[in-house]
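Below is protein-v8.txt, holding compact mmCIF, C-alpha atoms.
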# COMPACT_ATOMS: atom_id res chain seq x y z
CA MET A 1 -65.34 -43.58 -46.13
CA PHE A 2 -65.76 -39.89 -45.52
CA GLN A 3 -68.09 -40.63 -42.64
CA ILE A 4 -65.47 -42.77 -40.98
CA PHE A 5 -62.94 -39.94 -41.24
CA ASN A 6 -65.52 -37.54 -39.94
CA PHE A 7 -66.26 -39.76 -36.99
CA PHE A 8 -62.58 -40.05 -36.13
CA SER A 9 -61.86 -36.36 -36.36
CA LYS A 10 -64.95 -35.47 -34.35
CA ASN A 11 -64.16 -37.92 -31.58
CA ARG A 12 -60.41 -37.52 -31.77
CA ILE A 13 -60.01 -36.62 -28.09
CA LEU A 14 -62.39 -39.26 -26.79
CA LEU A 15 -60.60 -41.91 -28.85
CA LEU A 16 -57.21 -40.78 -27.56
CA PHE A 17 -58.57 -40.88 -24.00
CA LEU A 18 -59.89 -44.40 -24.48
CA PHE A 19 -56.64 -45.49 -26.10
CA LEU A 20 -54.47 -44.19 -23.24
CA GLU A 21 -56.77 -45.73 -20.61
CA PHE A 22 -56.62 -49.01 -22.50
CA VAL A 23 -52.79 -48.94 -22.46
CA ALA A 24 -52.79 -48.13 -18.72
CA PHE A 25 -55.23 -50.96 -18.05
CA ILE A 26 -53.02 -53.43 -19.90
CA LEU A 27 -50.11 -52.31 -17.73
CA ILE A 28 -52.20 -52.90 -14.62
CA PHE A 29 -53.21 -56.35 -15.80
CA GLN A 30 -49.62 -57.24 -16.52
CA THR A 31 -48.61 -56.57 -12.92
CA HIS A 32 -51.30 -59.03 -11.87
CA SER A 33 -49.83 -61.77 -13.98
CA TYR A 34 -46.62 -63.34 -12.82
CA GLN A 35 -44.71 -62.19 -15.89
CA GLN A 36 -44.72 -58.45 -15.26
CA SER A 37 -44.02 -55.75 -17.79
CA LYS A 38 -40.29 -55.20 -17.90
CA TYR A 39 -40.32 -51.49 -18.55
CA ILE A 40 -42.59 -49.89 -16.00
CA THR A 41 -41.04 -51.29 -12.84
CA SER A 42 -38.81 -49.76 -10.21
CA SER A 43 -35.94 -52.03 -11.23
CA HIS A 44 -35.61 -49.94 -14.36
CA ARG A 45 -32.23 -48.21 -14.56
CA ILE A 46 -33.45 -44.61 -14.30
CA SER A 47 -36.06 -45.10 -11.61
CA GLY A 48 -33.67 -47.44 -9.80
CA SER A 49 -30.92 -44.88 -9.48
CA LEU A 50 -33.40 -42.24 -8.36
CA LEU A 51 -34.77 -44.53 -5.67
CA LYS A 52 -31.24 -45.30 -4.57
CA LYS A 53 -30.52 -41.60 -4.04
CA SER A 54 -33.77 -41.23 -2.14
CA GLU A 55 -32.90 -44.18 0.09
CA GLN A 56 -29.48 -42.71 0.82
CA ILE A 57 -31.14 -39.58 2.16
CA HIS A 58 -33.66 -41.49 4.25
CA SER A 59 -31.12 -43.93 5.64
CA TYR A 60 -29.41 -41.18 7.62
CA PHE A 61 -32.44 -40.86 9.83
CA GLY A 62 -32.35 -44.49 10.93
CA LEU A 63 -28.65 -44.99 11.65
CA LYS A 64 -29.06 -45.35 15.40
CA ASP A 65 -31.64 -48.12 15.20
CA LYS A 66 -29.67 -49.78 12.43
CA ASN A 67 -26.58 -49.91 14.66
CA LYS A 68 -28.54 -51.55 17.46
CA GLU A 69 -29.88 -54.17 15.06
CA LEU A 70 -26.41 -54.93 13.72
CA ILE A 71 -24.98 -55.33 17.21
CA GLN A 72 -27.78 -57.72 18.08
CA GLU A 73 -27.18 -59.67 14.89
CA ASN A 74 -23.48 -59.86 15.69
CA VAL A 75 -24.21 -61.27 19.13
CA ASP A 76 -26.58 -63.85 17.68
CA LEU A 77 -24.05 -64.94 15.07
CA LYS A 78 -21.30 -65.23 17.69
CA ASN A 79 -23.52 -67.44 19.82
CA GLU A 80 -24.27 -69.56 16.79
CA LEU A 81 -20.56 -69.85 16.04
CA GLU A 82 -19.83 -71.00 19.59
CA LYS A 83 -22.34 -73.80 19.18
CA TYR A 84 -20.52 -75.05 16.10
CA LYS A 85 -17.16 -74.81 17.82
CA GLN A 86 -18.46 -77.04 20.59
CA LEU A 87 -19.56 -79.68 18.09
CA GLN A 88 -15.95 -80.37 17.10
CA VAL A 89 -16.87 -82.77 14.35
CA ALA A 90 -14.45 -83.26 11.52
CA PRO A 91 -16.23 -82.16 8.38
CA THR A 92 -16.77 -84.92 5.90
CA GLU A 93 -16.82 -84.36 2.16
CA VAL A 94 -20.62 -84.27 2.05
CA MET A 95 -20.92 -81.77 4.86
CA ARG A 96 -18.45 -79.41 3.30
CA ASP A 97 -20.37 -79.51 0.07
CA THR A 98 -23.75 -78.75 1.58
CA ALA A 99 -22.24 -76.07 3.77
CA LYS A 100 -21.37 -74.16 0.65
CA LYS A 101 -24.78 -74.72 -0.88
CA TYR A 102 -26.04 -71.25 0.06
CA THR A 103 -24.22 -67.99 -0.32
CA TYR A 104 -25.59 -64.57 0.55
CA ILE A 105 -25.58 -61.22 -1.23
CA VAL A 106 -26.13 -58.15 0.96
CA ALA A 107 -28.53 -55.62 -0.53
CA LYS A 108 -30.14 -52.36 0.51
CA VAL A 109 -33.88 -51.78 0.23
CA ILE A 110 -34.32 -48.64 -1.86
CA GLN A 111 -38.08 -48.74 -2.26
CA ASN A 112 -40.54 -50.37 0.07
CA SER A 113 -44.28 -50.91 0.12
CA TYR A 114 -46.29 -52.77 2.74
CA LEU A 115 -49.69 -51.07 2.80
CA LYS A 116 -51.03 -52.36 -0.52
CA ARG A 117 -52.59 -55.71 -1.37
CA ASP A 118 -49.64 -56.77 -3.53
CA ASN A 119 -46.46 -55.43 -2.07
CA THR A 120 -43.04 -55.30 -3.68
CA ILE A 121 -39.70 -53.85 -2.69
CA THR A 122 -36.72 -52.75 -4.79
CA LEU A 123 -33.11 -53.67 -4.00
CA ASP A 124 -29.89 -52.00 -5.14
CA LYS A 125 -28.29 -55.23 -6.42
CA GLY A 126 -28.80 -56.73 -9.89
CA LEU A 127 -27.46 -59.12 -12.51
CA VAL A 128 -23.90 -57.80 -12.24
CA ASP A 129 -23.92 -58.64 -8.52
CA GLY A 130 -25.10 -62.18 -9.20
CA VAL A 131 -28.80 -61.72 -8.47
CA GLN A 132 -31.23 -63.78 -10.58
CA PRO A 133 -35.03 -63.92 -10.65
CA ASP A 134 -36.56 -66.40 -8.16
CA MET A 135 -34.05 -66.06 -5.36
CA GLY A 136 -35.02 -65.92 -1.69
CA VAL A 137 -34.61 -62.70 0.27
CA ILE A 138 -34.19 -62.84 4.04
CA LEU A 139 -33.43 -60.74 7.11
CA PRO A 140 -31.29 -61.81 10.05
CA ASN A 141 -34.56 -62.48 11.90
CA GLY A 142 -37.10 -63.36 9.23
CA ILE A 143 -37.93 -63.89 5.59
CA VAL A 144 -38.85 -61.11 3.17
CA GLY A 145 -39.77 -62.63 -0.19
CA ILE A 146 -38.54 -63.79 -3.58
CA THR A 147 -36.83 -61.76 -6.34
CA LEU A 148 -39.09 -61.07 -9.30
CA HIS A 149 -37.39 -58.87 -11.91
CA VAL A 150 -33.70 -58.25 -12.15
CA SER A 151 -32.02 -55.55 -14.23
CA GLN A 152 -28.29 -54.86 -14.49
CA HIS A 153 -28.03 -53.04 -11.15
CA PHE A 154 -31.41 -53.40 -9.46
CA SER A 155 -34.00 -56.00 -8.62
CA THR A 156 -37.60 -56.08 -7.44
CA VAL A 157 -38.82 -58.49 -4.79
CA MET A 158 -42.29 -59.93 -4.31
CA THR A 159 -42.60 -59.86 -0.52
CA ILE A 160 -44.61 -62.35 1.50
CA LEU A 161 -47.15 -59.49 1.80
CA ASN A 162 -48.44 -60.32 -1.68
CA SER A 163 -51.47 -62.24 -2.87
CA LYS A 164 -49.28 -64.36 -5.18
CA SER A 165 -46.79 -65.30 -2.50
CA SER A 166 -46.90 -68.77 -0.95
CA ILE A 167 -43.96 -69.99 1.12
CA ASN A 168 -43.24 -73.49 2.36
CA VAL A 169 -42.83 -73.35 6.16
CA LYS A 170 -42.81 -75.76 9.10
CA PHE A 171 -42.95 -75.86 12.88
CA LYS A 172 -39.62 -75.67 14.57
CA LYS A 173 -40.64 -78.26 17.16
CA ASN A 174 -42.28 -81.04 15.16
CA HIS A 175 -41.60 -80.59 11.42
CA HIS A 176 -45.23 -80.37 10.33
CA PHE A 177 -45.28 -78.56 6.98
CA GLY A 178 -47.65 -75.89 5.74
CA SER A 179 -47.71 -72.88 3.46
CA LEU A 180 -47.56 -69.25 4.49
CA GLN A 181 -49.83 -66.80 2.69
CA TRP A 182 -51.09 -63.29 3.34
CA ASN A 183 -54.72 -62.15 3.49
CA GLY A 184 -53.93 -58.45 2.95
CA VAL A 185 -55.09 -57.15 6.32
CA SER A 186 -52.12 -56.43 8.57
CA TYR A 187 -48.48 -56.25 7.54
CA THR A 188 -47.38 -57.78 10.83
CA LYS A 189 -49.44 -60.96 10.40
CA ALA A 190 -49.51 -63.71 7.78
CA GLN A 191 -51.66 -66.85 7.66
CA LEU A 192 -50.72 -70.51 7.74
CA TRP A 193 -52.52 -73.04 5.53
CA ASP A 194 -52.46 -76.74 4.72
CA ILE A 195 -51.50 -77.78 8.24
CA PRO A 196 -52.48 -81.39 8.99
CA VAL A 197 -55.24 -81.70 11.61
CA GLN A 198 -53.21 -83.90 13.90
CA ALA A 199 -50.50 -81.24 14.27
CA ASP A 200 -50.21 -80.05 17.84
CA ILE A 201 -50.37 -76.28 17.58
CA LYS A 202 -50.12 -73.82 20.41
CA LYS A 203 -49.93 -70.08 20.66
CA GLY A 204 -46.29 -69.03 20.73
CA ASP A 205 -44.93 -71.86 18.56
CA THR A 206 -42.10 -70.80 16.29
CA ILE A 207 -42.44 -71.12 12.51
CA VAL A 208 -39.35 -71.57 10.33
CA THR A 209 -38.81 -72.15 6.61
CA GLY A 210 -39.21 -75.75 5.47
CA GLY A 211 -36.75 -77.75 3.48
CA HIS A 212 -39.07 -78.16 0.49
CA SER A 213 -38.34 -74.72 -0.87
CA VAL A 214 -35.54 -74.11 -3.33
CA PHE A 215 -35.55 -70.41 -2.43
CA PHE A 216 -34.72 -70.52 1.26
CA PRO A 217 -32.37 -72.54 3.43
CA GLU A 218 -34.10 -74.66 6.07
CA GLN A 219 -34.71 -73.28 9.57
CA ILE A 220 -34.79 -69.57 8.74
CA LEU A 221 -37.02 -67.82 11.28
CA VAL A 222 -40.42 -66.69 10.00
CA GLY A 223 -42.69 -65.86 12.94
CA ILE A 224 -44.64 -67.14 15.92
CA ILE A 225 -48.22 -68.43 16.12
CA GLU A 226 -50.42 -65.67 17.47
CA ASP A 227 -53.95 -66.97 17.05
CA VAL A 228 -55.48 -70.35 16.17
CA LYS A 229 -59.10 -70.83 15.10
CA PHE A 230 -60.21 -74.42 15.11
CA SER A 231 -63.64 -75.50 13.87
CA ASN A 232 -65.24 -78.52 12.13
CA LYS A 233 -62.14 -80.54 12.96
CA THR A 234 -59.97 -78.40 10.69
CA PHE A 235 -57.86 -75.33 11.22
CA GLU A 236 -59.91 -72.42 10.01
CA LYS A 237 -57.32 -69.72 10.36
CA ILE A 238 -53.86 -69.61 11.88
CA ASP A 239 -52.32 -66.18 12.34
CA VAL A 240 -48.56 -65.93 12.37
CA LYS A 241 -46.90 -62.85 13.78
CA LEU A 242 -43.98 -62.16 11.45
CA PHE A 243 -40.53 -61.47 12.84
CA ALA A 244 -39.71 -59.23 9.88
CA ASP A 245 -40.84 -55.63 10.36
CA PHE A 246 -41.89 -54.64 6.86
CA SER A 247 -42.39 -51.01 7.81
CA ALA A 248 -38.66 -50.66 8.54
CA LEU A 249 -36.80 -52.79 6.01
CA HIS A 250 -33.28 -51.62 5.38
CA THR A 251 -30.60 -54.23 4.77
CA VAL A 252 -31.56 -57.67 3.45
CA TYR A 253 -29.73 -60.79 2.29
CA ILE A 254 -30.37 -62.43 -1.07
CA VAL A 255 -29.97 -66.19 -0.91
CA THR A 256 -28.26 -67.86 -3.82
CA ASN A 257 -28.72 -71.60 -3.95
CA LYS A 258 -25.92 -73.32 -5.87
CA TYR A 259 -28.07 -76.34 -6.63
CA ARG A 260 -31.33 -74.52 -7.38
CA ASP A 261 -31.45 -75.35 -11.10
CA GLU A 262 -30.39 -78.90 -10.45
CA GLN A 263 -33.13 -79.43 -7.86
CA GLN A 264 -35.78 -77.70 -9.98
CA ASN A 265 -34.89 -79.69 -13.09
CA LEU A 266 -34.94 -82.93 -11.20
CA GLU A 267 -38.32 -82.13 -9.65
CA ALA A 268 -39.75 -81.12 -13.02
CA GLN A 269 -38.44 -84.33 -14.56
CA THR A 270 -39.99 -86.44 -11.84
CA GLU A 271 -43.31 -84.65 -12.23
CA ASN A 272 -43.35 -85.23 -15.99
CA GLU A 273 -42.89 -88.94 -15.69
CA MET B 1 -44.43 -22.50 -26.64
CA ASN B 2 -40.90 -23.68 -25.98
CA LYS B 3 -41.02 -22.09 -22.56
CA ASP B 4 -44.15 -24.10 -21.81
CA ILE B 5 -42.53 -27.35 -22.90
CA LEU B 6 -39.62 -26.66 -20.55
CA LYS B 7 -41.92 -25.65 -17.69
CA TYR B 8 -44.27 -28.63 -17.85
CA GLY B 9 -41.44 -31.00 -18.77
CA PHE B 10 -39.68 -29.91 -15.60
CA LEU B 11 -42.88 -30.39 -13.60
CA ILE B 12 -43.34 -33.91 -15.01
CA LEU B 13 -39.86 -34.80 -13.79
CA LEU B 14 -40.11 -32.94 -10.47
CA LEU B 15 -43.49 -34.25 -9.27
CA PRO B 16 -42.59 -37.98 -9.30
CA VAL B 17 -39.36 -37.23 -7.42
CA LEU B 18 -41.19 -35.16 -4.78
CA GLN B 19 -43.88 -37.82 -4.51
CA GLU B 20 -41.44 -40.67 -3.98
CA VAL B 21 -38.76 -38.95 -1.91
CA LEU B 22 -40.99 -36.87 0.34
CA PHE B 23 -44.72 -37.50 0.24
CA ASN B 24 -44.69 -41.30 0.17
CA HIS B 25 -43.02 -41.30 3.58
CA ILE B 26 -45.57 -39.27 5.52
CA ASN B 27 -47.56 -42.32 6.69
CA LEU B 28 -50.14 -40.34 8.65
CA PHE B 29 -52.07 -42.78 10.93
CA GLY B 30 -49.76 -45.40 9.46
CA PHE B 31 -51.32 -45.51 5.99
CA VAL B 32 -52.17 -42.04 4.63
CA ASN B 33 -49.77 -40.62 2.05
CA PRO B 34 -50.97 -37.64 -0.01
CA LEU B 35 -50.80 -38.08 -3.79
CA ILE B 36 -49.50 -34.59 -4.38
CA TYR B 37 -48.75 -35.07 -8.09
CA VAL B 38 -52.46 -34.61 -8.91
CA ILE B 39 -51.67 -30.86 -8.72
CA PHE B 40 -50.66 -31.26 -12.38
CA VAL B 41 -54.30 -31.51 -13.40
CA PHE B 42 -55.01 -28.09 -11.85
CA VAL B 43 -51.98 -26.15 -13.04
CA PHE B 44 -52.01 -27.41 -16.62
CA PRO B 45 -53.63 -24.52 -18.52
CA VAL B 46 -57.11 -24.95 -19.91
CA TYR B 47 -56.35 -23.04 -23.12
CA LYS B 48 -54.05 -25.84 -24.24
CA SER B 49 -55.49 -28.60 -26.37
CA LYS B 50 -57.13 -31.55 -24.67
CA THR B 51 -54.77 -33.82 -26.57
CA SER B 52 -51.76 -32.27 -24.87
CA ILE B 53 -53.09 -32.69 -21.33
CA LEU B 54 -54.00 -36.33 -22.02
CA TRP B 55 -50.51 -37.11 -23.31
CA THR B 56 -48.67 -35.19 -20.60
CA SER B 57 -50.67 -36.70 -17.76
CA PHE B 58 -50.14 -40.13 -19.32
CA ILE B 59 -46.36 -39.58 -19.25
CA LEU B 60 -46.46 -38.23 -15.68
CA GLY B 61 -48.54 -41.25 -14.63
CA VAL B 62 -46.06 -43.66 -16.18
CA PHE B 63 -43.21 -42.00 -14.24
CA ILE B 64 -45.13 -42.28 -10.98
CA ASP B 65 -45.91 -45.94 -11.70
CA MET B 66 -42.28 -46.67 -12.49
CA LEU B 67 -41.18 -45.35 -9.11
CA SER B 68 -43.90 -46.99 -7.06
CA ASN B 69 -43.84 -50.22 -9.08
CA GLU B 70 -47.57 -50.33 -9.68
CA GLY B 71 -48.02 -51.13 -13.35
CA GLY B 72 -50.47 -48.54 -14.64
CA ILE B 73 -52.63 -47.66 -11.65
CA HIS B 74 -51.54 -44.02 -11.38
CA THR B 75 -51.49 -43.61 -15.16
CA PHE B 76 -55.06 -44.83 -15.48
CA SER B 77 -56.38 -42.62 -12.69
CA LEU B 78 -54.50 -39.49 -13.73
CA VAL B 79 -55.57 -39.71 -17.38
CA PHE B 80 -59.13 -40.27 -16.17
CA VAL B 81 -59.30 -37.10 -14.07
CA SER B 82 -57.41 -35.03 -16.62
CA TYR B 83 -60.07 -35.94 -19.16
CA TYR B 84 -62.95 -35.12 -16.81
CA ARG B 85 -61.46 -32.12 -14.97
CA LEU B 86 -63.50 -29.51 -16.88
CA PHE B 87 -66.62 -31.63 -16.70
CA ILE B 88 -66.25 -31.65 -12.91
CA LEU B 89 -65.64 -27.90 -12.81
CA ARG B 90 -68.73 -27.30 -14.93
CA PHE B 91 -70.68 -29.49 -12.52
CA ILE B 92 -69.54 -27.39 -9.55
CA LYS B 93 -70.13 -24.03 -11.18
CA GLY B 94 -73.46 -25.07 -12.60
CA ASN B 95 -72.77 -24.46 -16.28
CA SER B 96 -71.92 -20.79 -15.68
CA ILE B 97 -68.39 -21.56 -16.67
CA GLY B 98 -68.31 -18.96 -19.46
CA ASP B 99 -65.54 -19.10 -21.97
CA GLU B 100 -63.72 -22.33 -21.23
CA GLU B 101 -60.49 -21.26 -22.77
CA SER B 102 -59.96 -18.34 -20.42
CA ILE B 103 -60.46 -20.19 -17.13
CA ASP B 104 -57.78 -19.34 -14.63
CA ILE B 105 -57.52 -21.48 -11.54
CA LEU B 106 -56.69 -18.46 -9.39
CA GLN B 107 -59.71 -16.51 -10.52
CA LEU B 108 -62.13 -19.28 -9.58
CA GLY B 109 -62.51 -18.09 -6.02
CA ASN B 110 -61.26 -20.02 -3.04
CA SER B 111 -64.33 -22.10 -2.30
CA ILE B 112 -64.90 -23.25 -5.88
CA GLN B 113 -61.20 -23.96 -6.25
CA ALA B 114 -61.20 -26.04 -3.04
CA VAL B 115 -64.31 -28.02 -4.03
CA TRP B 116 -62.83 -28.68 -7.47
CA ILE B 117 -59.59 -29.99 -5.99
CA LEU B 118 -61.55 -32.05 -3.46
CA ILE B 119 -63.77 -33.77 -6.04
CA VAL B 120 -61.03 -34.37 -8.61
CA SER B 121 -58.70 -35.76 -5.90
CA PHE B 122 -61.47 -37.94 -4.53
CA VAL B 123 -62.23 -39.49 -7.94
CA HIS B 124 -58.52 -39.97 -8.62
CA HIS B 125 -57.69 -41.46 -5.20
CA PHE B 126 -60.70 -43.74 -5.27
CA LEU B 127 -59.57 -45.18 -8.62
CA VAL B 128 -55.99 -45.57 -7.37
CA PHE B 129 -56.90 -47.39 -4.17
CA LEU B 130 -59.59 -49.53 -5.78
CA LEU B 131 -57.20 -50.64 -8.54
CA GLU B 132 -54.52 -51.25 -5.92
CA GLN B 133 -56.87 -53.58 -4.06
CA PHE B 134 -58.04 -55.01 -7.40
CA SER B 135 -61.22 -56.38 -5.83
CA PHE B 136 -64.19 -55.20 -3.77
CA HIS B 137 -62.80 -57.08 -0.82
CA ARG B 138 -62.23 -54.64 2.11
CA PHE B 139 -64.19 -51.95 0.28
CA GLY B 140 -64.73 -50.05 3.53
CA PHE B 141 -61.03 -49.71 4.05
CA VAL B 142 -60.58 -48.45 0.48
CA LEU B 143 -63.23 -45.79 1.13
CA LEU B 144 -61.68 -44.74 4.43
CA LYS B 145 -58.25 -44.51 2.87
CA THR B 146 -59.70 -42.52 -0.04
CA PHE B 147 -61.45 -40.04 2.29
CA LEU B 148 -58.47 -39.40 4.52
CA THR B 149 -55.94 -39.19 1.69
CA THR B 150 -58.23 -36.87 -0.30
CA LEU B 151 -58.45 -34.46 2.64
CA LEU B 152 -54.68 -34.38 3.05
CA THR B 153 -54.02 -34.03 -0.69
CA THR B 154 -56.59 -31.21 -1.04
CA LEU B 155 -55.06 -29.36 1.88
CA LEU B 156 -51.53 -29.63 0.53
CA ILE B 157 -52.46 -28.76 -3.07
CA SER B 158 -54.50 -25.69 -2.04
CA PHE B 159 -51.59 -24.63 0.13
CA ALA B 160 -49.08 -25.14 -2.68
CA LEU B 161 -51.25 -23.21 -5.16
CA GLN B 162 -51.52 -20.29 -2.74
CA ILE B 163 -47.77 -20.14 -2.25
CA PHE B 164 -46.43 -20.79 -5.72
CA LEU B 165 -49.08 -19.34 -7.99
CA LYS B 166 -50.46 -16.30 -6.24
CA LYS B 167 -47.44 -14.10 -6.94
CA LYS B 168 -47.16 -14.74 -10.64
CA SER B 169 -50.72 -15.47 -11.62
CA ASN B 170 -50.03 -14.62 -15.24
CA ALA B 171 -47.27 -17.16 -15.51
CA TRP B 172 -49.50 -20.20 -15.53

Written form, structure tokens:
Amino acid sequence: MFQIFNFFSKNRILLLFLFLEFVAFILIFQTHSYQQSKYITSSHRISGSLLKKSEQIHSYFGLKDKNKELIQENVDLKNELEKYKQLQVAPTEVMRDTAKKYTYIVAKVIQNSYLKRDNTITLDKGLVDGVQPDMGVILPNGIVGITLHVSQHFSTVMTILNSKSSINVKFKKNHHFGSLQWNGVSYTKAQLWDIPVQADIKKGDTIVTGGHSVFFPEQILVGIIEDVKFSNKTFEKIDVKLFADFSALHTVYIVTNKYRDEQQNLEAQTENE
Amino acid sequence: MNKDILKYGFLILLLPVLQEVLFNHINLFGFVNPLIYVIFVFVFPVYKSKTSILWTSFILGVFIDMLSNEGGIHTFSLVFVSYYRLFILRFIKGNSIGDEESIDILQLGNSIQAVWILIVSFVHHFLVFLLEQFSFHRFGFVLLKTFLTTLLTTLLISFALQIFLKKKSNAW
């Protein structure tokens, strides 16, 4: 008994060192599982408000570019609106319902990473603003990722620049589906997988979100095909140049899908049968 | 004693803020951001107990991880170098370290001080970037990033020590 005490008091510091490293390692492992630790994330209240202040300072330096982007977005939206005006179709009950399927929450990016293997960003909107975990996050000209943790006023987002991210996408021209993943090399390029061999792919084809995802509306822009490697009658690697510039994220839109739970429950039910 | 708690408590709060607000936005060559908070390992006095530096660097690491959303990567690396900092110094000075409790970072001499900062930063950065990658995939890139970031961190920390500590060398 005495020897045990002796051992502990002699190696007190080493044991403390090992203990602290063990705790840190558990924290690291938790971030690599989907269910992250709730406490040591940037959506925490204190770190969140600090990051918000920091973002406010930094945002002053990008106002000019931001203005240009907003003007461009305005023009695009106006053009879109004109198209709908020209359609002149009386909305039926079904159309009105699906039109309201998605609503958007505007959020500011207060912390951004894009140089790591598993990248996340932090937004200044949380539960009180209607944000929930597993919601899509998009830009006017691209997709960003899916919300991961949500606190009262902040939320963290797993971007598509993450080893755990896999997004259902399709070709704008022919509706062939595939999944978009990231190999960790360049933050401007993601990779396309599970594309059927018979799909006719060319450099410059536009990729948009597919309708299979409950996170994103259909037809949201993702990127264009930049490079196609074809060997052994399969696609070896398809590089997609992303429209979203992850090095300059500022304002994003969180997509809330009114029928998300309904669709997910139904799909789960069908799978169980 | 109370003065020390205030001083290092303030430093533990200040360093994460500086790191996140200022130094994480440098993006030299597009990917090099100095991890300036490692300066804590050098300014924390040697005469204090080893227990206290382990706990304080653990807390500082947790704050850094909270802001950068990285689980425990910075905590792990910072606790690691704070445990081995004297071992590394002894290695550089070749056992002629004398009375450990009276070591003063400013009396080490510039070259020894610089080498110490360089090696400690290198070990720390290597752990951070390796854990960030979480695999040996792209190991070359991890090494390159470690080298470049270490150089920048060492430069900035040496600079900061010269400015802030030289005048009041008794204070630390």

Residue nearest chain B among A:Ile71, A:Leu148, A:Val131, A:Leu63 (counting only C-alpha atoms):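 Checking each candidate against chain B, we get A:Leu148 as the closest.
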
Non-local contacts of range 254-260 of chain A (6 Å; only C-alpha atoms; under 5 positions in same chain excluded) as a ChimeraX atom specification: /A:101-105,136-137,214

Counting only C-alpha atoms, the residue of B:Met66, B:Leu35, B:Val46, B:Val17 that sits nearest chain A: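 Among the listed residues, the smallest separation from chain A belongs to B:Met66.
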
Each residue of chain A lying at most 9 Å from chain B should get a row with its shortest atom-to-atom pair and the distance in Å to one decimal, counting all atoms listed in the file; could you produce that, ordered by chain and increasing number, as CSV?
residue,atom,partner,partner_atom,distance
A:Arg12,CA,B:Thr51,CA,8.5
A:Ile13,CA,B:Thr51,CA,6.1
A:Leu14,CA,B:Tyr83,CA,8.6
A:Leu16,CA,B:Thr51,CA,7.4
A:Phe17,CA,B:Leu54,CA,6.7
A:Leu20,CA,B:Phe58,CA,7.1
A:Glu21,CA,B:Phe76,CA,5.5
A:Phe22,CA,B:Phe76,CA,8.3
A:Val23,CA,B:Gly72,CA,8.2
A:Ala24,CA,B:Gly72,CA,4.7
A:Phe25,CA,B:Gly72,CA,6.3
A:Ile26,CA,B:Gly72,CA,7.6
A:Leu27,CA,B:Gly72,CA,4.9
A:Ile28,CA,B:Gly72,CA,4.7
A:Phe29,CA,B:Gly71,CA,7.8
A:Gln30,CA,B:Gly71,CA,7.1
A:Thr31,CA,B:Gly71,CA,5.5
A:His32,CA,B:Gly71,CA,8.7
A:Gln36,CA,B:Gly71,CA,8.3
A:Ser37,CA,B:Gly71,CA,7.6
A:Tyr39,CA,B:Met66,CA,8.0
A:Ile40,CA,B:Met66,CA,4.8
A:Thr41,CA,B:Met66,CA,4.8
A:Ser42,CA,B:Leu67,CA,5.1
A:Ser43,CA,B:Asn69,CA,8.4
A:His44,CA,B:Met66,CA,7.7
A:Ser47,CA,B:Leu67,CA,5.7
A:Gly48,CA,B:Leu67,CA,7.8
A:Leu50,CA,B:Val17,CA,7.8
A:Leu51,CA,B:Leu67,CA,7.3
A:Lys53,CA,B:Val21,CA,8.9
A:Ser54,CA,B:Val21,CA,5.5
A:Glu55,CA,B:Val21,CA,8.1
A:Ile57,CA,B:Val21,CA,8.7
A:His58,CA,B:Val21,CA,8.4
A:Gln111,CA,B:Ser68,CA,7.7
A:Asn112,CA,B:Ser68,CA,8.6
A:Ser113,CA,B:Ser68,CA,8.2
A:Leu115,CA,B:Phe31,CA,6.6
A:Lys116,CA,B:Glu132,CA,6.5
A:Arg117,CA,B:Gln133,CA,5.5
A:Asp118,CA,B:Glu132,CA,7.7
A:Thr120,CA,B:Asn69,CA,7.5
A:Ile121,CA,B:Asn69,CA,8.4
A:Thr122,CA,B:Asn69,CA,8.7
A:Thr156,CA,B:Asn69,CA,8.7
A:Val185,CA,B:Arg138,CA,8.7

Pick from A:Leu15, A:Met135, A:Val222, A:Val197, whichever lies nearest to Lys172 in chain A using only C-alpha atoms: A:Val222

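You can rank A:Ile201, A:Ala248, A:Leu242, A:Val128 by their closest distance to Ile160 in chain A using all atoms listed in the file, and at the top of that list sits A:Leu242.
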